[in-house]
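Everything below concerns the one structure shown next.
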Amino acid sequence: MEARHFLKVTDLAKAEVETVLIAAASWKKQPLGSVLQGKTVALVFGKPSTRTRVSFSVGVYQLGGMPLALSEQELQMRRSESIEDTARVLSRYVDAIVIRTFAQRDVEDLAAHATVPVINALTDDDHPCQALTDVFTFRERFPDASGRKIVYLGDGNNVAASLAEACALTGIDICLSVPEGYDLPPGKMTEIQTLANANGTGFQVERDPTAAVAGASALYTDVWISMGQESDSAKVEALRPYQLNDDLLRRARPEAIALHCLPAHRGDEITDEVMDGPRSAVFDQAENRLHVQKALMSFLLEGDRR
Ligand code: CP
Ligand code: NVA
């Protein structure tokens, strides 16, 4: 049987996303299981991580398996062993590979040559595990999520791209409030629009953050300078009006929540008042990575089995 990979949100069909999210709720209630008994999951990290590394490690352990944390810098891959050979070799030892690196292309090459499931734990282009969790967290707060709107404020980055795809796929309206010059790549915008059209979901770009947040049920932001990018003062200035602060949150729906994938640069893209305020769901969101990724691993490795 061909290994199933999860390199971008749309590697799961809409119905499969629903299956994973239902299972995640079940794992949240009853955390321990044995679906990974006797199995090893390699966790390859080429960029820093707190949530992803820890939630995958703990998740694999809670499912009865063994997480094997590997830094990309310490693998022969870094000394020019090809990604293809790394994929072939790791597949002989482990039952799944979770990888965080720079180029999406590298993750695709790894998956093309692996015989075990490969999970994208963040690239420069995508952060699909985060996006599944974001939908889960939004629905946890709003069981009537369909047709409600999430507004993403800030840089058109990996998190924004995967979030928009996940919303378009699951019936949540998504608005990107991003300054000119920091949009998602045109190819991504087209993919998201196509997905939104196919699912009857709203997808908008609104440059004016004050106009964007009207009617929103969640305001979401992420760091202005992502890992691997150089600090850029022009970018920071362009993004300042998009800060998730109390003023913007007040203009959203009264029940609206604040989301952030974390790590946060408090005082830049989000204020302390919002992060620590009563409408912040950011730490639930961080916790939910664990539950959703357990459901995802169970699905990819074992099919629809809790
Ligand atoms: N949100 C997220 O992926 O966090 P880490 O970079 O800490 O893994
Ligand atoms: N956009 C951020 C997300 C971190 C989880 C980055 O790539 O650094």
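Following the order of the structure tokens, first chain is A, next is B, and so on, with residues numbered from 1 inside each chain and ligands from 1 in the order they appear.
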
Residues of chain A within 9 Å of ligand 1: nearest atom pair and distance (Å, one decimal) for each, counting only C-alpha atoms and all ligand atoms, sorted by chain and number, as a Markdown table?
| residue | atom | partner | partner_atom_place_in_ligand_line | distance |
| --- | --- | --- | --- | --- |
| A:Lys47 | CA | ligand 1 | 6 (O) | 8.1 |
| A:Pro48 | CA | ligand 1 | 6 (O) | 6.2 |
| A:Ser49 | CA | ligand 1 | 8 (O) | 3.8 |
| A:Thr50 | CA | ligand 1 | 7 (O) | 3.4 |
| A:Arg51 | CA | ligand 1 | 7 (O) | 3.9 |
| A:Thr52 | CA | ligand 1 | 8 (O) | 3.6 |
| A:Arg53 | CA | ligand 1 | 8 (O) | 5.9 |
| A:Val54 | CA | ligand 1 | 8 (O) | 7.8 |
| A:Ser55 | CA | ligand 1 | 8 (O) | 8.4 |
| A:Arg100 | CA | ligand 1 | 8 (O) | 8.9 |
| A:Ala121 | CA | ligand 1 | 3 (O) | 7.3 |
| A:Leu122 | CA | ligand 1 | 3 (O) | 6.9 |
| A:His127 | CA | ligand 1 | 3 (O) | 7.5 |
| A:Cys129 | CA | ligand 1 | 3 (O) | 8.2 |
| A:Gln130 | CA | ligand 1 | 1 (N) | 6.4 |
| A:Val159 | CA | ligand 1 | 1 (N) | 8.7 |
| A:Met227 | CA | ligand 1 | 6 (O) | 8.8 |
| A:His260 | CA | ligand 1 | 1 (N) | 8.0 |
| A:Cys261 | CA | ligand 1 | 1 (N) | 4.4 |
| A:Leu262 | CA | ligand 1 | 1 (N) | 4.8 |
| A:Pro263 | CA | ligand 1 | 4 (O) | 5.8 |
| A:Ala286 | CA | ligand 1 | 1 (N) | 7.1 |
| A:Arg289 | CA | ligand 1 | 1 (N) | 8.4 |

Excluding region 169-182 of chain A and any residue of its chain fewer than 4 positions from it, enumerate the residues within 7 Å of it, using only C-alpha atoms, and give them as a ChimeraX atom specification. /A:14,145-156,164-165,195-196,199,201-209,212,238-239

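Minimum distance to ligand 2 across A:Ala216, A:Met189, A:Leu90, A:Ala160 (counting only C-alpha atoms and all ligand atoms) occurs at A:Ala160.
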
Closest to Asp11 (chain A) among A:Gly46, A:Pro128, A:Pro241, A:Gly200, using only C-alpha atoms?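 Among the listed residues, the smallest separation from Asp11 (chain A) belongs to A:Pro128.
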
All residues 10 Å or closer to Arg105 (chain A), only C-alpha atoms, same chain fewer than 3 positions away omitted, as an MDAnalysis selection string: chainID A and resid 101:102 108:111 123:125

How would you write, as number ranges by chain, the set of residues in region 36-233 of chain A that DSSP gives as helix (DSSP H, G or I)? A: 51-62, 72-74, 76-79, 83-93, 104-113, 128-141, 158-170, 186-199, 209-212, 233

What would the file look like if the residues just selected were written as an mmCIF file, in the first residue's frame with C-alpha atoms?
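Written out: part.cif:
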data_model
loop_
_atom_site.group_PDB
_atom_site.id
_atom_site.type_symbol
_atom_site.label_atom_id
_atom_site.label_comp_id
_atom_site.auth_asym_id
_atom_site.auth_seq_id
_atom_site.Cartn_x
_atom_site.Cartn_y
_atom_site.Cartn_z
ATOM 1 C CA ARG A 51 5.200 23.423 20.072
ATOM 2 C CA THR A 52 5.662 21.178 17.053
ATOM 3 C CA ARG A 53 8.626 19.289 18.442
ATOM 4 C CA VAL A 54 7.105 18.757 21.882
ATOM 5 C CA SER A 55 3.547 18.017 20.735
ATOM 6 C CA PHE A 56 4.708 15.433 18.187
ATOM 7 C CA SER A 57 7.088 13.821 20.707
ATOM 8 C CA VAL A 58 4.466 13.611 23.430
ATOM 9 C CA GLY A 59 1.790 12.578 20.931
ATOM 10 C CA VAL A 60 3.801 9.655 19.570
ATOM 11 C CA TYR A 61 4.557 8.514 23.108
ATOM 12 C CA GLN A 62 0.894 8.740 24.149
ATOM 13 C CA GLU A 72 18.794 18.263 10.283
ATOM 14 C CA GLN A 73 22.208 19.737 11.122
ATOM 15 C CA GLU A 74 23.371 16.427 12.579
ATOM 16 C CA GLN A 76 24.386 13.294 6.797
ATOM 17 C CA MET A 77 21.762 15.122 4.730
ATOM 18 C CA ARG A 78 23.446 18.354 5.788
ATOM 19 C CA ARG A 79 26.802 17.002 4.505
ATOM 20 C CA ILE A 83 17.226 13.879 0.329
ATOM 21 C CA GLU A 84 16.203 10.914 -1.812
ATOM 22 C CA ASP A 85 18.724 8.590 -0.141
ATOM 23 C CA THR A 86 17.831 9.958 3.280
ATOM 24 C CA ALA A 87 14.192 9.112 2.547
ATOM 25 C CA ARG A 88 15.054 5.587 1.424
ATOM 26 C CA VAL A 89 17.219 4.914 4.476
ATOM 27 C CA LEU A 90 14.908 6.420 7.099
ATOM 28 C CA SER A 91 12.029 4.407 5.601
ATOM 29 C CA ARG A 92 13.916 1.187 6.442
ATOM 30 C CA TYR A 93 14.015 2.113 10.132
ATOM 31 C CA GLN A 104 8.607 22.814 0.335
ATOM 32 C CA ARG A 105 10.345 21.125 -2.597
ATOM 33 C CA ASP A 106 12.651 19.259 -0.184
ATOM 34 C CA VAL A 107 9.681 17.869 1.721
ATOM 35 C CA GLU A 108 8.078 16.816 -1.564
ATOM 36 C CA ASP A 109 11.310 15.076 -2.629
ATOM 37 C CA LEU A 110 11.542 13.326 0.712
ATOM 38 C CA ALA A 111 7.952 12.108 0.386
ATOM 39 C CA ALA A 112 8.459 11.010 -3.216
ATOM 40 C CA HIS A 113 11.220 8.645 -2.117
ATOM 41 C CA PRO A 128 -0.587 22.400 7.435
ATOM 42 C CA CYS A 129 -0.537 20.787 10.913
ATOM 43 C CA GLN A 130 -1.024 24.248 12.395
ATOM 44 C CA ALA A 131 -3.923 24.960 10.039
ATOM 45 C CA LEU A 132 -5.820 21.770 10.928
ATOM 46 C CA THR A 133 -5.418 22.742 14.567
ATOM 47 C CA ASP A 134 -6.642 26.266 13.878
ATOM 48 C CA VAL A 135 -9.870 24.961 12.370
ATOM 49 C CA PHE A 136 -10.266 22.554 15.298
ATOM 50 C CA THR A 137 -9.775 25.385 17.810
ATOM 51 C CA PHE A 138 -12.164 27.715 15.993
ATOM 52 C CA ARG A 139 -14.859 25.034 15.892
ATOM 53 C CA GLU A 140 -14.292 24.221 19.549
ATOM 54 C CA ARG A 141 -15.180 27.850 20.351
ATOM 55 C CA ASN A 158 3.288 29.931 5.439
ATOM 56 C CA VAL A 159 0.764 30.110 8.301
ATOM 57 C CA ALA A 160 -1.557 32.416 6.346
ATOM 58 C CA ALA A 161 -1.423 30.145 3.292
ATOM 59 C CA SER A 162 -2.283 26.942 5.128
ATOM 60 C CA LEU A 163 -4.918 28.651 7.278
ATOM 61 C CA ALA A 164 -6.656 30.035 4.191
ATOM 62 C CA GLU A 165 -6.608 26.607 2.534
ATOM 63 C CA ALA A 166 -7.982 24.901 5.626
ATOM 64 C CA CYS A 167 -10.766 27.478 6.011
ATOM 65 C CA ALA A 168 -11.694 27.287 2.332
ATOM 66 C CA LEU A 169 -11.870 23.502 2.618
ATOM 67 C CA THR A 170 -13.940 23.395 5.801
ATOM 68 C CA PRO A 186 -0.184 34.384 -6.886
ATOM 69 C CA GLY A 187 -0.267 30.583 -7.371
ATOM 70 C CA LYS A 188 -1.398 30.108 -3.765
ATOM 71 C CA MET A 189 -4.062 32.800 -4.108
ATOM 72 C CA THR A 190 -5.488 31.033 -7.134
ATOM 73 C CA GLU A 191 -5.487 27.652 -5.367
ATOM 74 C CA ILE A 192 -7.282 29.123 -2.357
ATOM 75 C CA GLN A 193 -9.846 30.882 -4.541
ATOM 76 C CA THR A 194 -10.515 27.661 -6.455
ATOM 77 C CA LEU A 195 -10.930 25.734 -3.225
ATOM 78 C CA ALA A 196 -13.227 28.402 -1.760
ATOM 79 C CA ASN A 197 -15.359 28.419 -4.918
ATOM 80 C CA ALA A 198 -15.632 24.633 -4.882
ATOM 81 C CA ASN A 199 -16.778 24.655 -1.261
ATOM 82 C CA PRO A 209 -7.512 46.117 8.771
ATOM 83 C CA THR A 210 -10.321 48.150 10.348
ATOM 84 C CA ALA A 211 -12.670 47.280 7.503
ATOM 85 C CA ALA A 212 -11.453 43.659 7.460
ATOM 86 C CA SER A 233 12.547 47.440 8.778
#

Shell of 8 Å around Lys39 (chain A), only C-alpha atoms, local chain residues under 4 positions omitted, as a ChimeraX atom specification: /A:64-66,94-95

CA of Ser231 (chain A) and CA of Ala103 (chain A) are how many Å apart?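 Those two atoms sit 19.2 Å apart.
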
Let's see if you can do this: from backbone DSSP, list all strand (DSSP E) residues in region 34-137 of chain A, as an MDAnalysis selection string. chainID A and resid 40:45 66:71 96:100 118:120

Would you export the selected residues with N, CA and C atoms as a compact mmCIF listing (two decimals), in the first residue's frame, please?
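Writing done, so here's result-v7.txt:
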# COMPACT_ATOMS: atom_id res chain seq x y z
N THR A 40 8.13 3.66 15.40
CA THR A 40 9.03 4.79 15.65
C THR A 40 8.70 5.90 14.64
N VAL A 41 8.67 7.12 15.14
CA VAL A 41 8.42 8.26 14.26
C VAL A 41 9.63 9.20 14.32
N ALA A 42 10.27 9.42 13.17
CA ALA A 42 11.42 10.33 13.11
C ALA A 42 10.91 11.76 13.03
N LEU A 43 11.48 12.61 13.86
CA LEU A 43 11.11 14.04 13.87
C LEU A 43 12.35 14.81 13.44
N VAL A 44 12.37 15.25 12.20
CA VAL A 44 13.57 15.90 11.64
C VAL A 44 13.34 17.41 11.64
N PHE A 45 14.17 18.14 12.36
CA PHE A 45 13.99 19.59 12.46
C PHE A 45 15.21 20.34 11.93
N MET A 66 7.53 5.40 19.65
CA MET A 66 8.75 6.08 20.11
C MET A 66 9.08 7.23 19.16
N PRO A 67 9.15 8.46 19.70
CA PRO A 67 9.59 9.58 18.86
C PRO A 67 11.12 9.63 18.81
N LEU A 68 11.66 9.87 17.64
CA LEU A 68 13.11 9.94 17.49
C LEU A 68 13.45 11.32 16.94
N ALA A 69 13.88 12.20 17.84
CA ALA A 69 14.15 13.60 17.44
C ALA A 69 15.52 13.68 16.77
N LEU A 70 15.55 14.23 15.57
CA LEU A 70 16.79 14.35 14.80
C LEU A 70 16.92 15.78 14.32
N SER A 71 18.10 16.35 14.54
CA SER A 71 18.28 17.69 14.01
C SER A 71 18.86 17.56 12.60
N ALA A 96 7.22 6.57 10.22
CA ALA A 96 6.74 7.84 9.69
C ALA A 96 7.84 8.87 9.88
N ILE A 97 7.81 9.90 9.04
CA ILE A 97 8.80 10.98 9.14
C ILE A 97 8.06 12.31 9.23
N VAL A 98 8.34 13.04 10.30
CA VAL A 98 7.81 14.40 10.45
C VAL A 98 8.98 15.33 10.17
N ILE A 99 8.82 16.29 9.28
CA ILE A 99 9.97 17.14 8.93
C ILE A 99 9.61 18.62 8.89
N ARG A 100 10.47 19.41 9.52
CA ARG A 100 10.39 20.89 9.42
C ARG A 100 11.67 21.36 8.75
N VAL A 118 5.02 10.84 5.29
CA VAL A 118 5.81 12.04 5.61
C VAL A 118 4.82 13.15 5.97
N ILE A 119 5.11 13.83 7.07
CA ILE A 119 4.24 14.92 7.55
C ILE A 119 5.05 16.21 7.54
N ASN A 120 4.49 17.24 6.93
CA ASN A 120 5.13 18.55 6.88
C ASN A 120 4.89 19.29 8.20
